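Scroll down for the structure; my scribbles are underneath it.
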Amino acid sequence: MKKSYIIYAVMALVLSFSPFFLNPYWVDVLNNIGLYAVLALSLNFILGHAGMFHMGHAAFFAVGAYVTAILNTMYHVPIIWLMPLSGIVAAVFAAIVARPIIHLRGDYLLIVTIGIVEIVRIALVNNIFGVTGGSNGIFGIGRPEIFGLVIRRPHQFFYYIWIFLAVTVFLFRMLEDSRFGRALNYIKEDELAAEGSGIDTVHYKLIAFVLGAFWAGMVGNVYASKMMIISPESFTFWESVLYFSIVILGGSGSIPGVILGAFLIVGLPEVFREFSSARMLIFGAAMVIMMIFRPSGILPPLPRTYKLDRVRKGGSQA
Amino acid sequence: MSLLSVSNLTKSFGGLMAVNDVSFGLEQGTVMGLIGPNGAGKTTVFNLITGNYRPDAGEIMFDEQSLVAQSPHRIVSIGVARTFQTIRLFPNMEVIENVLAGCHCRMHSGIFAAMFRLPGQRREEQASLRIALQELEFVGLTDQATNKAKNLSYGNQRLLEIARALASQPKLIILDEPAGGMNAQETADLVRLIKEIRARGITVLLIEHDMSLVMRICEQIIVLEHGALIVQGSPEEVQKNPRVIEAYLGVDED
């Protein structure tokens, strides 16, 4: 337990200095890993904790990115202000589309969520409401500016993204360890028993979706300002599959697992660029082997710890 | 005024009349047994009370509120907790977390309070943990608190379900075959436990096939056959009733 904390601290330290010894290309790879890690963490509540097979997460990411792109290019709203707004719009969108499908189980939900991401992509391609720019997308998106500092270069984005990731990890860690996190786990374990124990299963599943979408929308904001140009091809079904694989491979419901998953799924292909044709084969084989030998992921979640002794002591005093 | 009053409850599945015009009342603080041959509709009655099924007709009043058309989790927070006939725990979670599931409906902290560990949320977590531990102690599973639920013995899993139900601080607890799969010693402990539950002022409604258990602890018994209620009365009255004898033993040819 303590050993793992030391490992995490050392890794965080190495990471925080990495822009000083990596070239901009590799810093940008780390930036992508960071973005995928936050996206996968936001999916982790839905897929990892509540056990809902949601393969349409790119739809919420897209909504956030397009809200930022449209409002920034058309109305010149500063990027940083659009961050919460992108999250909120994505969350409202999630609440509307998830409500009618929330009772679906397993593979049925999977198919419908694939439908959602495809519908969103096709709507964007068809220049819905005349504001999405069709298949060309939107270009000329501004950069985020914090206290007069414009974030532009890869290493600046590195700190921007990884601090965002760190805050996310901190807040999600707290959330996992609460009645909300437990409620999602009860639903994953046995939905009927959860309902029968007094847990409003529909409400919690919906909240998981809304929360995940809120975060994905915020990542969309960061992504849009990082790329400066977005188009529907960045929000395909394949993207959703990537987030899904990050969570499953890394360890459903485990924050370190999901971050490791992001390194493996986003980072490794960059490392093995020379074997470009063979890498998907290796990747696929690795997934198959994993699912056979370690079905709960590389770093499955540790059980929650409760300070029972302290509670007992407190109980005898009362 | 009864704590629970069921009137003219009816439920059919396709052509099968599972529960047919059943009415009974349950007084606060009693232990009532629901018995009947297999397929008599006992579990269906439970599922109707706990909101898993919606009745075709009839009314279920609990504590001056109607339970009809309420969702199961609402019914738990109104004060009716249940256990399942086939054990339904959260197998990969710790025993203490299983009990905390019952505490959930008495807690209020939202996700913001949890994210920022607000003082109220922390107090509430501590208080719930204390309640969960008390309930574990009540059923005698304190030493298993950090074990995974799936690693408990069958009898202990049944006790854990009862602890989870009690953690929701119910007025009425509904036990679906609590002694199923228990040995004689475990059943004796269960009888004592049910008496202690009643001593806490919690009303108990149970389905049980173990007749000696039912006759020992129930003050009131209702008998179902083919979905219809045939008798309600004390154990002595029920044992003497010719229709009950007929339902259980059959009737002489001549």
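Numbering starts fresh at 1 for the residues of each chain in the structure tokens, the chains themselves are lettered A, B, ... in the order given, and ligands are numbered from 1 as they appear.
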
Per residue of chain A within 12 Å of chain B, record the nearest atom pair and its distance in Å to one decimal, counting only C-alpha atoms, with rows in chain order and ascending residue number, as a tab-separated table.
residue	atom	partner	partner_atom	distance
A:Val167	CA	B:Met115	CA	10.6
A:Thr168	CA	B:Met115	CA	10.0
A:Val169	CA	B:Met115	CA	10.5
A:Phe170	CA	B:Met115	CA	8.3
A:Leu171	CA	B:Met115	CA	5.0
A:Phe172	CA	B:Met115	CA	6.9
A:Arg173	CA	B:Met115	CA	8.0
A:Met174	CA	B:Met115	CA	5.1
A:Leu175	CA	B:Met115	CA	5.1
A:Glu176	CA	B:Ala114	CA	8.6
A:Asp177	CA	B:Ala114	CA	8.0
A:Ser178	CA	B:Ala114	CA	6.0
A:Arg179	CA	B:His104	CA	6.8
A:Phe180	CA	B:Ile111	CA	6.6
A:Gly181	CA	B:Ile111	CA	9.2
A:Arg182	CA	B:Glu97	CA	7.7
A:Ala183	CA	B:Ala101	CA	7.3
A:Leu184	CA	B:Ala101	CA	10.7
A:Asn185	CA	B:Met93	CA	8.3
A:Tyr186	CA	B:Phe90	CA	6.3
A:Ile187	CA	B:Phe90	CA	8.9
A:Lys188	CA	B:Phe90	CA	8.7
A:Glu189	CA	B:Phe90	CA	5.3
A:Asp190	CA	B:Phe90	CA	6.2
A:Glu191	CA	B:Phe90	CA	9.3
A:Leu192	CA	B:Arg88	CA	8.3
A:Ala193	CA	B:Arg88	CA	5.8
A:Ala194	CA	B:Ala101	CA	7.3
A:Glu195	CA	B:His73	CA	5.2
A:Gly196	CA	B:Pro72	CA	5.8
A:Ser197	CA	B:Gly102	CA	5.3
A:Gly198	CA	B:His73	CA	3.9
A:Ile199	CA	B:His73	CA	5.4
A:Asp200	CA	B:His73	CA	5.6
A:Thr201	CA	B:His73	CA	8.2
A:Val202	CA	B:His73	CA	10.2
A:His203	CA	B:His73	CA	10.8
A:Tyr204	CA	B:Ile111	CA	10.6
A:Ile207	CA	B:Ile111	CA	9.3
A:Ala208	CA	B:Ile111	CA	10.3
A:Val210	CA	B:Ile111	CA	11.8
A:Leu211	CA	B:Ile111	CA	9.5
A:Pro301	CA	B:Met93	CA	11.4
A:Leu302	CA	B:Met93	CA	10.7
A:Pro303	CA	B:Met93	CA	7.7
A:Arg304	CA	B:Glu94	CA	8.4
A:Thr305	CA	B:Thr146	CA	8.5
A:Tyr306	CA	B:Leu129	CA	8.3
A:Lys307	CA	B:Leu129	CA	9.0
A:Leu308	CA	B:Leu129	CA	7.7
A:Asp309	CA	B:Arg130	CA	10.2
A:Arg310	CA	B:Gln126	CA	9.3
A:Val311	CA	B:Arg130	CA	5.9
A:Arg312	CA	B:Arg130	CA	7.0
A:Lys313	CA	B:Arg130	CA	9.8
A:Gly314	CA	B:Arg130	CA	8.4
A:Gly315	CA	B:Arg130	CA	6.6
A:Ser316	CA	B:Arg130	CA	10.2
A:Gln317	CA	B:Arg130	CA	11.9
A:Ala318	CA	B:Arg130	CA	10.6

(message) Could you pull out the helix (DSSP H, G or I) residues of stretch 73-166 of chain B, going by DSSP on the backbone, and write them as a VMD selection string?
(response) chain B and resid 73 to 78 95 to 106 111 to 115 119 to 139 142 to 144 149 to 151 154 to 166

Could you give me, as an mmCIF file with N, CA and C atoms, in the first residue's frame, the residues within 10 Å of B:Thr10, counting only C-alpha atoms and dropping anything in the same chain fewer than 4 positions from it?
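Here's the written file selection05.cif:
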data_model
loop_
_atom_site.group_PDB
_atom_site.id
_atom_site.type_symbol
_atom_site.label_atom_id
_atom_site.label_comp_id
_atom_site.auth_asym_id
_atom_site.auth_seq_id
_atom_site.Cartn_x
_atom_site.Cartn_y
_atom_site.Cartn_z
ATOM 1 N N MET B 17 -53.428 -16.722 -12.034
ATOM 2 C CA MET B 17 -53.779 -15.844 -10.929
ATOM 3 C C MET B 17 -52.776 -16.096 -9.808
ATOM 4 N N ALA B 18 -51.717 -15.282 -9.705
ATOM 5 C CA ALA B 18 -50.681 -15.530 -8.704
ATOM 6 C C ALA B 18 -51.144 -15.098 -7.323
ATOM 7 N N VAL B 19 -51.813 -13.968 -7.251
ATOM 8 C CA VAL B 19 -52.363 -13.475 -5.991
ATOM 9 C C VAL B 19 -53.790 -13.037 -6.275
ATOM 10 N N ASN B 20 -54.733 -13.595 -5.513
ATOM 11 C CA ASN B 20 -56.143 -13.367 -5.830
ATOM 12 C C ASN B 20 -56.882 -12.773 -4.638
ATOM 13 N N ASP B 21 -57.152 -11.502 -4.669
ATOM 14 C CA ASP B 21 -58.008 -10.847 -3.688
ATOM 15 C C ASP B 21 -57.548 -11.104 -2.250
ATOM 16 N N VAL B 22 -56.282 -10.844 -1.987
ATOM 17 C CA VAL B 22 -55.729 -11.110 -0.655
ATOM 18 C C VAL B 22 -55.835 -9.850 0.201
ATOM 19 N N SER B 23 -56.367 -10.005 1.413
ATOM 20 C CA SER B 23 -56.430 -8.887 2.349
ATOM 21 C C SER B 23 -55.934 -9.356 3.715
ATOM 22 N N VAL B 45 -46.587 -11.948 -3.213
ATOM 23 C CA VAL B 45 -47.109 -10.973 -2.247
ATOM 24 C C VAL B 45 -45.976 -10.075 -1.764
ATOM 25 N N LEU B 48 -44.966 -7.653 -4.355
ATOM 26 C CA LEU B 48 -45.955 -6.582 -4.517
ATOM 27 C C LEU B 48 -45.771 -5.535 -3.423
ATOM 28 N N ARG B 54 -46.180 -4.503 -9.726
ATOM 29 C CA ARG B 54 -47.272 -3.577 -9.517
ATOM 30 C C ARG B 54 -48.569 -4.394 -9.505
ATOM 31 N N PRO B 55 -49.414 -4.218 -8.493
ATOM 32 C CA PRO B 55 -50.631 -5.035 -8.440
ATOM 33 C C PRO B 55 -51.624 -4.666 -9.556
ATOM 34 N N ASP B 56 -52.412 -5.674 -9.977
ATOM 35 C CA ASP B 56 -53.468 -5.391 -10.964
ATOM 36 C C ASP B 56 -54.605 -4.640 -10.287
ATOM 37 N N ALA B 57 -54.838 -5.015 -9.024
ATOM 38 C CA ALA B 57 -55.888 -4.330 -8.273
ATOM 39 C C ALA B 57 -55.539 -4.438 -6.800
ATOM 40 N N GLY B 58 -56.173 -3.594 -5.998
ATOM 41 C CA GLY B 58 -55.956 -3.664 -4.564
ATOM 42 C C GLY B 58 -55.079 -2.539 -4.058
ATOM 43 N N GLU B 59 -54.970 -2.476 -2.754
ATOM 44 C CA GLU B 59 -54.269 -1.364 -2.117
ATOM 45 C C GLU B 59 -53.336 -1.912 -1.049
ATOM 46 N N GLY B 227 -52.838 -18.654 -4.522
ATOM 47 C CA GLY B 227 -52.952 -17.198 -4.619
ATOM 48 C C GLY B 227 -54.014 -16.595 -3.738
ATOM 49 N N ALA B 228 -54.805 -17.423 -3.058
ATOM 50 C CA ALA B 228 -55.864 -16.868 -2.217
ATOM 51 C C ALA B 228 -55.530 -17.090 -0.752
#

(message) Which residues are near stretch 265-275 of chain A? Cut-off 8 Å, only C-alpha atoms, ignore same chain within fewer than 6 positions. Put them as a PyMOL selection string.
(response) chain A and resi 29-30+32-33+36+242+245-246

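Within 7 Å of B:Leu4, once only C-alpha atoms are used and residues closer than 5 positions along the same chain are dropped, the contacting residues are Gly25, Leu26, Glu27, Met61, Phe62 and Asp63 of chain B.
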
Export of prior selection with N, CA and C atoms as a compact mmCIF listing (two decimals), in the first residue's frame:
# COMPACT_ATOMS: atom_id res chain seq x y z
N GLY B 25 -54.06 -7.60 7.64
CA GLY B 25 -53.47 -6.45 8.35
C GLY B 25 -52.35 -6.95 9.24
N LEU B 26 -51.36 -6.10 9.45
CA LEU B 26 -50.21 -6.48 10.27
C LEU B 26 -50.02 -5.39 11.31
N GLU B 27 -50.14 -5.80 12.60
CA GLU B 27 -50.02 -4.81 13.68
C GLU B 27 -48.55 -4.49 13.94
N MET B 61 -51.40 -0.30 2.15
CA MET B 61 -51.15 0.91 2.95
C MET B 61 -50.11 0.58 4.01
N PHE B 62 -49.11 1.42 4.13
CA PHE B 62 -48.09 1.24 5.15
C PHE B 62 -47.92 2.57 5.86
N ASP B 63 -48.16 2.56 7.16
CA ASP B 63 -47.93 3.77 7.93
C ASP B 63 -48.67 4.97 7.30

(message) Report, in Å to a single decimal, how far apart atom CA of B:Glu177 and atom CA of B:Ser7 are.
(response) 23.4 Å
